[in-house]
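Q: Supplied structure: model.cif, mmCIF, N, CA, C and O atoms.
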data_run
loop_
_atom_site.label_atom_id
_atom_site.label_comp_id
_atom_site.auth_asym_id
_atom_site.auth_seq_id
_atom_site.Cartn_x
_atom_site.Cartn_y
_atom_site.Cartn_z
N MET U 1 71.63 -19.61 -106.91
CA MET U 1 71.49 -18.55 -105.93
C MET U 1 72.57 -18.73 -104.87
O MET U 1 72.75 -19.80 -104.33
N SER U 2 73.30 -17.67 -104.56
CA SER U 2 74.39 -17.78 -103.58
C SER U 2 73.85 -17.66 -102.17
O SER U 2 72.72 -17.25 -101.94
N ASP U 3 74.71 -17.99 -101.21
CA ASP U 3 74.31 -17.95 -99.82
C ASP U 3 74.00 -16.54 -99.33
O ASP U 3 73.33 -16.37 -98.33
N THR U 4 74.51 -15.51 -100.03
CA THR U 4 74.29 -14.14 -99.58
C THR U 4 72.92 -13.62 -99.99
O THR U 4 72.52 -12.56 -99.54
N ASN U 5 72.21 -14.34 -100.83
CA ASN U 5 70.89 -13.90 -101.25
C ASN U 5 69.85 -14.35 -100.23
O ASN U 5 69.86 -15.48 -99.78
N ALA U 6 68.94 -13.44 -99.92
CA ALA U 6 67.85 -13.81 -99.03
C ALA U 6 66.84 -14.63 -99.82
O ALA U 6 66.63 -14.38 -101.00
N PRO U 7 66.22 -15.60 -99.18
CA PRO U 7 65.18 -16.35 -99.90
C PRO U 7 64.01 -15.43 -100.23
O PRO U 7 63.74 -14.47 -99.52
N LEU U 8 63.34 -15.74 -101.32
CA LEU U 8 62.19 -14.94 -101.72
C LEU U 8 60.95 -15.30 -100.90
O LEU U 8 59.99 -14.55 -100.87
N PHE U 9 60.98 -16.45 -100.24
CA PHE U 9 59.87 -16.89 -99.41
C PHE U 9 60.40 -17.30 -98.04
O PHE U 9 61.48 -17.88 -97.93
N ARG U 10 59.63 -17.02 -97.02
CA ARG U 10 59.94 -17.48 -95.67
C ARG U 10 58.66 -17.99 -95.05
O ARG U 10 57.59 -17.44 -95.27
N THR U 11 58.78 -19.03 -94.26
CA THR U 11 57.60 -19.64 -93.63
C THR U 11 57.60 -19.32 -92.15
O THR U 11 58.61 -19.46 -91.47
N VAL U 12 56.44 -18.90 -91.67
CA VAL U 12 56.24 -18.60 -90.24
C VAL U 12 55.20 -19.58 -89.71
O VAL U 12 54.08 -19.66 -90.23
N THR U 13 55.57 -20.33 -88.70
CA THR U 13 54.63 -21.23 -88.02
C THR U 13 53.95 -20.42 -86.92
O THR U 13 54.62 -19.84 -86.07
N LEU U 14 52.65 -20.38 -86.96
CA LEU U 14 51.88 -19.57 -86.01
C LEU U 14 51.69 -20.31 -84.69
O LEU U 14 51.31 -21.48 -84.68
N ASP U 15 51.93 -19.61 -83.59
CA ASP U 15 51.64 -20.18 -82.26
C ASP U 15 50.13 -20.33 -82.08
O ASP U 15 49.67 -21.29 -81.46
N THR U 16 49.39 -19.37 -82.59
CA THR U 16 47.93 -19.39 -82.51
C THR U 16 47.39 -19.39 -83.94
O THR U 16 47.35 -18.34 -84.59
N PRO U 17 47.03 -20.55 -84.45
CA PRO U 17 46.55 -20.64 -85.83
C PRO U 17 45.32 -19.76 -86.08
O PRO U 17 44.55 -19.47 -85.17
N ILE U 18 45.17 -19.37 -87.34
CA ILE U 18 44.01 -18.60 -87.77
C ILE U 18 42.89 -19.59 -88.07
O ILE U 18 43.09 -20.55 -88.82
N GLU U 19 41.73 -19.36 -87.48
CA GLU U 19 40.56 -20.20 -87.72
C GLU U 19 39.68 -19.48 -88.73
O GLU U 19 39.25 -18.35 -88.50
N ARG U 20 39.42 -20.14 -89.86
CA ARG U 20 38.58 -19.57 -90.92
C ARG U 20 37.53 -20.61 -91.27
O ARG U 20 37.77 -21.49 -92.09
N GLY U 21 36.38 -20.51 -90.61
CA GLY U 21 35.35 -21.53 -90.82
C GLY U 21 35.88 -22.88 -90.39
O GLY U 21 36.32 -23.06 -89.26
N GLU U 22 35.90 -23.82 -91.32
CA GLU U 22 36.41 -25.17 -91.03
C GLU U 22 37.91 -25.27 -91.28
O GLU U 22 38.52 -26.27 -90.95
N GLN U 23 38.48 -24.23 -91.86
CA GLN U 23 39.91 -24.23 -92.21
C GLN U 23 40.73 -23.66 -91.06
O GLN U 23 40.35 -22.67 -90.43
N THR U 24 41.87 -24.29 -90.79
CA THR U 24 42.83 -23.80 -89.81
C THR U 24 44.12 -23.50 -90.53
O THR U 24 44.68 -24.37 -91.23
N ILE U 25 44.61 -22.29 -90.36
CA ILE U 25 45.87 -21.88 -90.99
C ILE U 25 46.93 -21.85 -89.90
O ILE U 25 46.91 -21.00 -89.02
N ALA U 26 47.85 -22.81 -89.96
CA ALA U 26 48.88 -22.94 -88.93
C ALA U 26 50.22 -22.35 -89.36
O ALA U 26 51.08 -22.08 -88.53
N THR U 27 50.41 -22.17 -90.67
CA THR U 27 51.65 -21.56 -91.17
C THR U 27 51.30 -20.55 -92.25
O THR U 27 50.33 -20.71 -92.98
N LEU U 28 52.12 -19.53 -92.32
CA LEU U 28 52.01 -18.54 -93.39
C LEU U 28 53.32 -18.53 -94.15
O LEU U 28 54.39 -18.52 -93.54
N GLN U 29 53.22 -18.55 -95.45
CA GLN U 29 54.40 -18.38 -96.28
C GLN U 29 54.39 -16.92 -96.73
O GLN U 29 53.41 -16.45 -97.29
N LEU U 30 55.48 -16.22 -96.42
CA LEU U 30 55.59 -14.81 -96.77
C LEU U 30 56.53 -14.67 -97.95
O LEU U 30 57.61 -15.26 -97.97
N ARG U 31 56.11 -13.87 -98.92
CA ARG U 31 56.90 -13.62 -100.12
C ARG U 31 57.53 -12.24 -100.01
O ARG U 31 56.91 -11.30 -99.51
N LYS U 32 58.76 -12.13 -100.47
CA LYS U 32 59.42 -10.84 -100.47
C LYS U 32 58.59 -9.86 -101.28
O LYS U 32 58.26 -10.12 -102.44
N PRO U 33 58.21 -8.72 -100.67
CA PRO U 33 57.33 -7.79 -101.39
C PRO U 33 58.07 -7.05 -102.50
O PRO U 33 59.26 -6.78 -102.41
N LYS U 34 57.32 -6.75 -103.54
CA LYS U 34 57.80 -5.87 -104.60
C LYS U 34 57.49 -4.43 -104.17
O LYS U 34 56.65 -4.20 -103.30
N SER U 35 58.13 -3.48 -104.78
CA SER U 35 57.94 -2.07 -104.41
C SER U 35 56.48 -1.66 -104.49
O SER U 35 55.98 -0.92 -103.63
N GLY U 36 55.75 -2.13 -105.50
CA GLY U 36 54.34 -1.76 -105.64
C GLY U 36 53.48 -2.24 -104.49
O GLY U 36 52.46 -1.63 -104.16
N GLU U 37 53.88 -3.35 -103.87
CA GLU U 37 53.11 -3.88 -102.74
C GLU U 37 53.35 -3.07 -101.47
O GLU U 37 52.65 -3.25 -100.47
N LEU U 38 54.32 -2.19 -101.52
CA LEU U 38 54.63 -1.34 -100.37
C LEU U 38 53.91 0.00 -100.47
O LEU U 38 54.07 0.86 -99.60
N ARG U 39 53.10 0.18 -101.54
CA ARG U 39 52.42 1.45 -101.74
C ARG U 39 51.58 1.81 -100.52
O ARG U 39 50.95 0.96 -99.91
N GLY U 40 51.62 3.08 -100.19
CA GLY U 40 50.84 3.56 -99.06
C GLY U 40 51.44 3.23 -97.71
O GLY U 40 50.86 3.57 -96.68
N LEU U 41 52.60 2.57 -97.70
CA LEU U 41 53.24 2.18 -96.45
C LEU U 41 54.57 2.92 -96.30
O LEU U 41 55.20 3.27 -97.30
N SER U 42 54.99 3.12 -95.09
CA SER U 42 56.28 3.75 -94.82
C SER U 42 57.30 2.65 -94.53
O SER U 42 57.06 1.78 -93.69
N LEU U 43 58.43 2.72 -95.22
CA LEU U 43 59.50 1.75 -94.94
C LEU U 43 60.01 1.90 -93.51
O LEU U 43 60.38 0.91 -92.87
N VAL U 44 59.99 3.12 -93.02
CA VAL U 44 60.40 3.35 -91.63
C VAL U 44 59.45 2.62 -90.68
O VAL U 44 59.88 1.95 -89.74
N ASP U 45 58.13 2.74 -90.96
CA ASP U 45 57.15 2.05 -90.11
C ASP U 45 57.33 0.54 -90.16
O ASP U 45 57.24 -0.14 -89.14
N LEU U 46 57.60 0.00 -91.35
CA LEU U 46 57.84 -1.44 -91.46
C LEU U 46 59.11 -1.83 -90.70
O LEU U 46 59.14 -2.84 -90.01
N GLY U 47 60.16 -1.03 -90.86
CA GLY U 47 61.41 -1.31 -90.17
C GLY U 47 61.27 -1.25 -88.66
O GLY U 47 61.97 -1.95 -87.93
N GLN U 48 60.33 -0.43 -88.19
CA GLN U 48 60.08 -0.32 -86.75
C GLN U 48 59.00 -1.31 -86.30
O GLN U 48 58.58 -1.28 -85.14
N LEU U 49 58.56 -2.18 -87.22
CA LEU U 49 57.55 -3.21 -86.94
C LEU U 49 56.26 -2.62 -86.39
O LEU U 49 55.62 -3.19 -85.49
N LYS U 50 55.84 -1.50 -86.96
CA LYS U 50 54.59 -0.87 -86.53
C LYS U 50 53.41 -1.74 -86.98
O LYS U 50 53.35 -2.20 -88.11
N VAL U 51 52.50 -1.95 -86.06
CA VAL U 51 51.38 -2.86 -86.27
C VAL U 51 50.57 -2.48 -87.50
O VAL U 51 50.23 -3.34 -88.32
N ASP U 52 50.23 -1.21 -87.65
CA ASP U 52 49.41 -0.78 -88.79
C ASP U 52 50.06 -1.14 -90.12
O ASP U 52 49.40 -1.61 -91.04
N ALA U 53 51.36 -0.92 -90.23
CA ALA U 53 52.07 -1.21 -91.48
C ALA U 53 52.11 -2.72 -91.73
O ALA U 53 51.90 -3.17 -92.86
N LEU U 54 52.39 -3.50 -90.69
CA LEU U 54 52.47 -4.95 -90.85
C LEU U 54 51.12 -5.54 -91.24
O LEU U 54 51.05 -6.42 -92.12
N THR U 55 50.05 -5.06 -90.61
CA THR U 55 48.74 -5.64 -90.90
C THR U 55 48.23 -5.25 -92.29
O THR U 55 47.38 -5.94 -92.85
N LYS U 56 48.76 -4.18 -92.86
CA LYS U 56 48.41 -3.82 -94.24
C LYS U 56 49.23 -4.62 -95.24
O LYS U 56 48.75 -4.98 -96.31
N LEU U 57 50.49 -4.90 -94.91
CA LEU U 57 51.37 -5.61 -95.85
C LEU U 57 51.12 -7.12 -95.85
O LEU U 57 51.16 -7.75 -96.92
N LEU U 58 50.87 -7.71 -94.71
CA LEU U 58 50.73 -9.18 -94.63
C LEU U 58 49.72 -9.74 -95.63
O LEU U 58 50.03 -10.73 -96.31
N PRO U 59 48.52 -9.15 -95.78
CA PRO U 59 47.59 -9.72 -96.76
C PRO U 59 48.11 -9.66 -98.20
O PRO U 59 47.71 -10.46 -99.03
N ARG U 60 49.01 -8.76 -98.47
CA ARG U 60 49.55 -8.60 -99.83
C ARG U 60 50.61 -9.64 -100.17
O ARG U 60 50.88 -9.88 -101.34
N ILE U 61 51.23 -10.23 -99.15
CA ILE U 61 52.38 -11.11 -99.42
C ILE U 61 52.25 -12.50 -98.81
O ILE U 61 53.19 -13.29 -98.88
N SER U 62 51.13 -12.82 -98.21
CA SER U 62 51.01 -14.11 -97.51
C SER U 62 50.32 -15.16 -98.36
O SER U 62 49.46 -14.87 -99.17
N THR U 63 50.74 -16.40 -98.16
CA THR U 63 50.10 -17.57 -98.73
C THR U 63 49.90 -18.56 -97.59
O THR U 63 50.86 -18.88 -96.90
N PRO U 64 48.68 -19.03 -97.34
CA PRO U 64 47.47 -18.64 -98.03
C PRO U 64 47.16 -17.18 -97.74
O PRO U 64 47.57 -16.64 -96.71
N PRO U 65 46.43 -16.55 -98.67
CA PRO U 65 46.11 -15.14 -98.45
C PRO U 65 45.26 -14.97 -97.19
O PRO U 65 44.35 -15.76 -96.94
N ILE U 66 45.60 -13.97 -96.40
CA ILE U 66 44.78 -13.64 -95.23
C ILE U 66 44.25 -12.23 -95.43
O ILE U 66 44.80 -11.44 -96.19
N SER U 67 43.16 -11.93 -94.75
CA SER U 67 42.57 -10.60 -94.84
C SER U 67 43.28 -9.66 -93.86
O SER U 67 43.99 -10.10 -92.95
N GLU U 68 43.04 -8.37 -94.05
CA GLU U 68 43.60 -7.40 -93.12
C GLU U 68 43.03 -7.62 -91.72
O GLU U 68 43.73 -7.47 -90.72
N ALA U 69 41.74 -8.00 -91.64
CA ALA U 69 41.12 -8.29 -90.34
C ALA U 69 41.80 -9.48 -89.67
O ALA U 69 42.04 -9.46 -88.46
N GLU U 70 42.12 -10.52 -90.44
CA GLU U 70 42.81 -11.68 -89.86
C GLU U 70 44.21 -11.29 -89.41
O GLU U 70 44.68 -11.73 -88.36
N ALA U 71 44.88 -10.44 -90.19
CA ALA U 71 46.21 -9.98 -89.79
C ALA U 71 46.12 -9.17 -88.50
O ALA U 71 46.98 -9.30 -87.62
N SER U 72 45.07 -8.38 -88.37
CA SER U 72 44.88 -7.57 -87.15
C SER U 72 44.57 -8.43 -85.93
O SER U 72 44.80 -7.99 -84.80
N ASN U 73 44.06 -9.62 -86.16
CA ASN U 73 43.71 -10.52 -85.05
C ASN U 73 44.80 -11.53 -84.72
O ASN U 73 44.59 -12.40 -83.87
N LEU U 74 45.94 -11.44 -85.38
CA LEU U 74 47.03 -12.37 -85.07
C LEU U 74 47.49 -12.19 -83.63
O LEU U 74 47.46 -11.08 -83.08
N ASP U 75 47.93 -13.28 -83.04
CA ASP U 75 48.57 -13.23 -81.74
C ASP U 75 49.79 -12.29 -81.87
O ASP U 75 50.49 -12.33 -82.88
N PRO U 76 50.05 -11.44 -80.87
CA PRO U 76 51.19 -10.52 -80.98
C PRO U 76 52.52 -11.22 -81.25
O PRO U 76 53.35 -10.71 -82.00
N ALA U 77 52.71 -12.40 -80.69
CA ALA U 77 53.96 -13.14 -80.95
C ALA U 77 54.05 -13.56 -82.41
O ALA U 77 55.14 -13.52 -83.01
N ASP U 78 52.92 -13.93 -83.00
CA ASP U 78 52.91 -14.31 -84.42
C ASP U 78 53.13 -13.09 -85.31
O ASP U 78 53.85 -13.17 -86.31
N LEU U 79 52.54 -11.96 -84.95
CA LEU U 79 52.74 -10.73 -85.72
C LEU U 79 54.21 -10.32 -85.66
O LEU U 79 54.79 -9.93 -86.68
N LEU U 80 54.83 -10.44 -84.51
CA LEU U 80 56.24 -10.11 -84.37
C LEU U 80 57.10 -11.05 -85.22
O LEU U 80 58.06 -10.61 -85.87
N ALA U 81 56.78 -12.33 -85.23
CA ALA U 81 57.53 -13.29 -86.04
C ALA U 81 57.42 -12.94 -87.53
O ALA U 81 58.42 -12.98 -88.26
N CYS U 82 56.22 -12.58 -87.96
CA CYS U 82 56.03 -12.17 -89.36
C CYS U 82 56.81 -10.88 -89.63
O CYS U 82 57.46 -10.75 -90.68
N GLY U 83 56.76 -9.95 -88.70
CA GLY U 83 57.49 -8.69 -88.85
C GLY U 83 58.99 -8.89 -88.96
O GLY U 83 59.67 -8.21 -89.74
N ALA U 84 59.52 -9.82 -88.18
CA ALA U 84 60.95 -10.11 -88.24
C ALA U 84 61.35 -10.63 -89.62
O ALA U 84 62.39 -10.24 -90.17
N GLU U 85 60.51 -11.48 -90.19
CA GLU U 85 60.80 -11.99 -91.54
C GLU U 85 60.69 -10.89 -92.58
O GLU U 85 61.51 -10.79 -93.49
N ILE U 86 59.69 -10.03 -92.44
CA ILE U 86 59.54 -8.91 -93.36
C ILE U 86 60.73 -7.97 -93.25
O ILE U 86 61.26 -7.50 -94.25
N GLY U 87 61.18 -7.72 -92.04
CA GLY U 87 62.36 -6.87 -91.83
C GLY U 87 63.58 -7.42 -92.55
O GLY U 87 64.36 -6.67 -93.14
N GLY U 88 63.74 -8.74 -92.53
CA GLY U 88 64.85 -9.37 -93.24
C GLY U 88 64.76 -9.18 -94.75
O GLY U 88 65.78 -9.03 -95.43
N PHE U 89 63.54 -9.12 -95.27
CA PHE U 89 63.36 -8.88 -96.70
C PHE U 89 63.82 -7.48 -97.10
O PHE U 89 64.19 -7.24 -98.24
N LEU U 90 63.75 -6.53 -96.16
CA LEU U 90 64.03 -5.14 -96.49
C LEU U 90 65.51 -4.77 -96.43
O LEU U 90 65.88 -3.67 -96.80
N LEU U 91 66.33 -5.69 -95.96
CA LEU U 91 67.77 -5.42 -95.85
C LEU U 91 68.48 -5.68 -97.17
O LEU U 91 68.14 -6.62 -97.89
N GLN U 92 69.49 -4.87 -97.47
CA GLN U 92 70.35 -5.13 -98.62
C GLN U 92 71.28 -6.28 -98.28
O GLN U 92 71.51 -6.62 -97.12
N LYS U 93 71.87 -6.89 -99.31
CA LYS U 93 72.77 -8.04 -99.12
C LYS U 93 73.89 -7.71 -98.13
O LYS U 93 74.20 -8.50 -97.24
N SER U 94 74.49 -6.53 -98.27
CA SER U 94 75.61 -6.17 -97.39
C SER U 94 75.15 -6.05 -95.94
O SER U 94 75.87 -6.42 -95.03
N GLN U 95 73.93 -5.54 -95.74
CA GLN U 95 73.40 -5.42 -94.38
C GLN U 95 73.10 -6.79 -93.79
O GLN U 95 73.32 -7.02 -92.60
N ARG U 96 72.59 -7.72 -94.63
CA ARG U 96 72.33 -9.09 -94.14
C ARG U 96 73.65 -9.75 -93.74
O ARG U 96 73.71 -10.44 -92.74
N MET U 97 74.69 -9.53 -94.53
CA MET U 97 76.00 -10.13 -94.22
C MET U 97 76.54 -9.56 -92.91
O MET U 97 77.09 -10.29 -92.09
N ASP U 98 76.40 -8.23 -92.72
CA ASP U 98 76.85 -7.61 -91.49
C ASP U 98 76.11 -8.19 -90.28
O ASP U 98 76.70 -8.44 -89.24
N ALA U 99 74.82 -8.40 -90.42
CA ALA U 99 74.02 -8.96 -89.34
C ALA U 99 74.45 -10.39 -89.03
O ALA U 99 74.48 -10.81 -87.87
N LEU U 100 74.79 -11.17 -90.06
CA LEU U 100 75.23 -12.54 -89.86
C LEU U 100 76.60 -12.60 -89.19
O LEU U 100 76.89 -13.53 -88.45
N ASP U 101 77.44 -11.60 -89.44
CA ASP U 101 78.78 -11.57 -88.87
C ASP U 101 78.78 -11.22 -87.38
O ASP U 101 79.74 -11.47 -86.68
N GLN U 102 77.68 -10.63 -86.90
CA GLN U 102 77.64 -10.20 -85.49
C GLN U 102 77.25 -11.32 -84.58
O GLN U 102 76.66 -12.25 -84.79
#
Please render this file's structure as structure tokens.

A:
Amino acid sequence: MSDTNAPLFRTVTLDTPIERGEQTIATLQLRKPKSGELRGLSLVDLGQLKVDALTKLLPRISTPPISEAEASNLDPADLLACGAEIGGFLLQKSQRMDALDQ
């Protein structure tokens, strides 16, 4: 894999971990979504980091899997961090290179 390829997985360390019973989730690994996982979502909404779109997509691409309710309860800073990683997944190689050059 060359340096111009985006990784298929990105890890986000949560400022406010998710508490699930006795389990604490301190990091989420996000996988680059396939087109089918974007069903029912607007790419424009994802690109604009709209909360509704992010909270619907996160359960589809996160490891460990989180529920939509858990995604909705994320600290805003953590949701923004996840959104930034998702936004990077949506860029074409040429756009990623342009962003790196700036």

Q: Apply the PyMOL selection byres (((chain U and resi 85 and name CA) around 12) and name CA) to the structure shown and report the selected residues as a PyMOL selection string.

A: chain U and resi 6-13+28-33+46-47+49+54+58+61-62+78-84+86-91

Q: Which distance in Å separates atom C of Pro76 (chain U) and atom C of Gln92 (chain U), to one decimal?

A: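 Separation of atom C of Pro76 (chain U) and atom C of Gln92 (chain U): 25.8 Å.
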
Q: Quick one, how far is atom N of Arg60 (chain U) from atom O of Glu37 (chain U)?

A: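 Separation between atom N of Arg60 (chain U) and atom O of Glu37 (chain U): 6.9 Å.
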
Q: Taking the DSSP secondary structure from the backbone, can you list the residues of region 5-57 of chain U that are alpha helix (DSSP H), as number ranges by chain?

A: U: 43-47, 51-57

Q: What does the distance from CA of Val51 (chain U) to CA of Lys93 (chain U) come to in Å, to one decimal?

A: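 Computing it gives 25.5 Å between the two atoms.
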
Q: How would you write, as a PyMOL selection string, the set of residues in chain U that DSSP gives as strand (DSSP E)?

A: chain U and resi 9-20+23-31+62-63

Q: Would you mind telling me which residue in U:Ser94, U:Leu57, U:Lys50, U:Gly21 lies nearest to Leu38 (chain U) when using all atoms listed in the file?

A: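 For Leu38 (chain U), the nearest of the given residues is U:Leu57.
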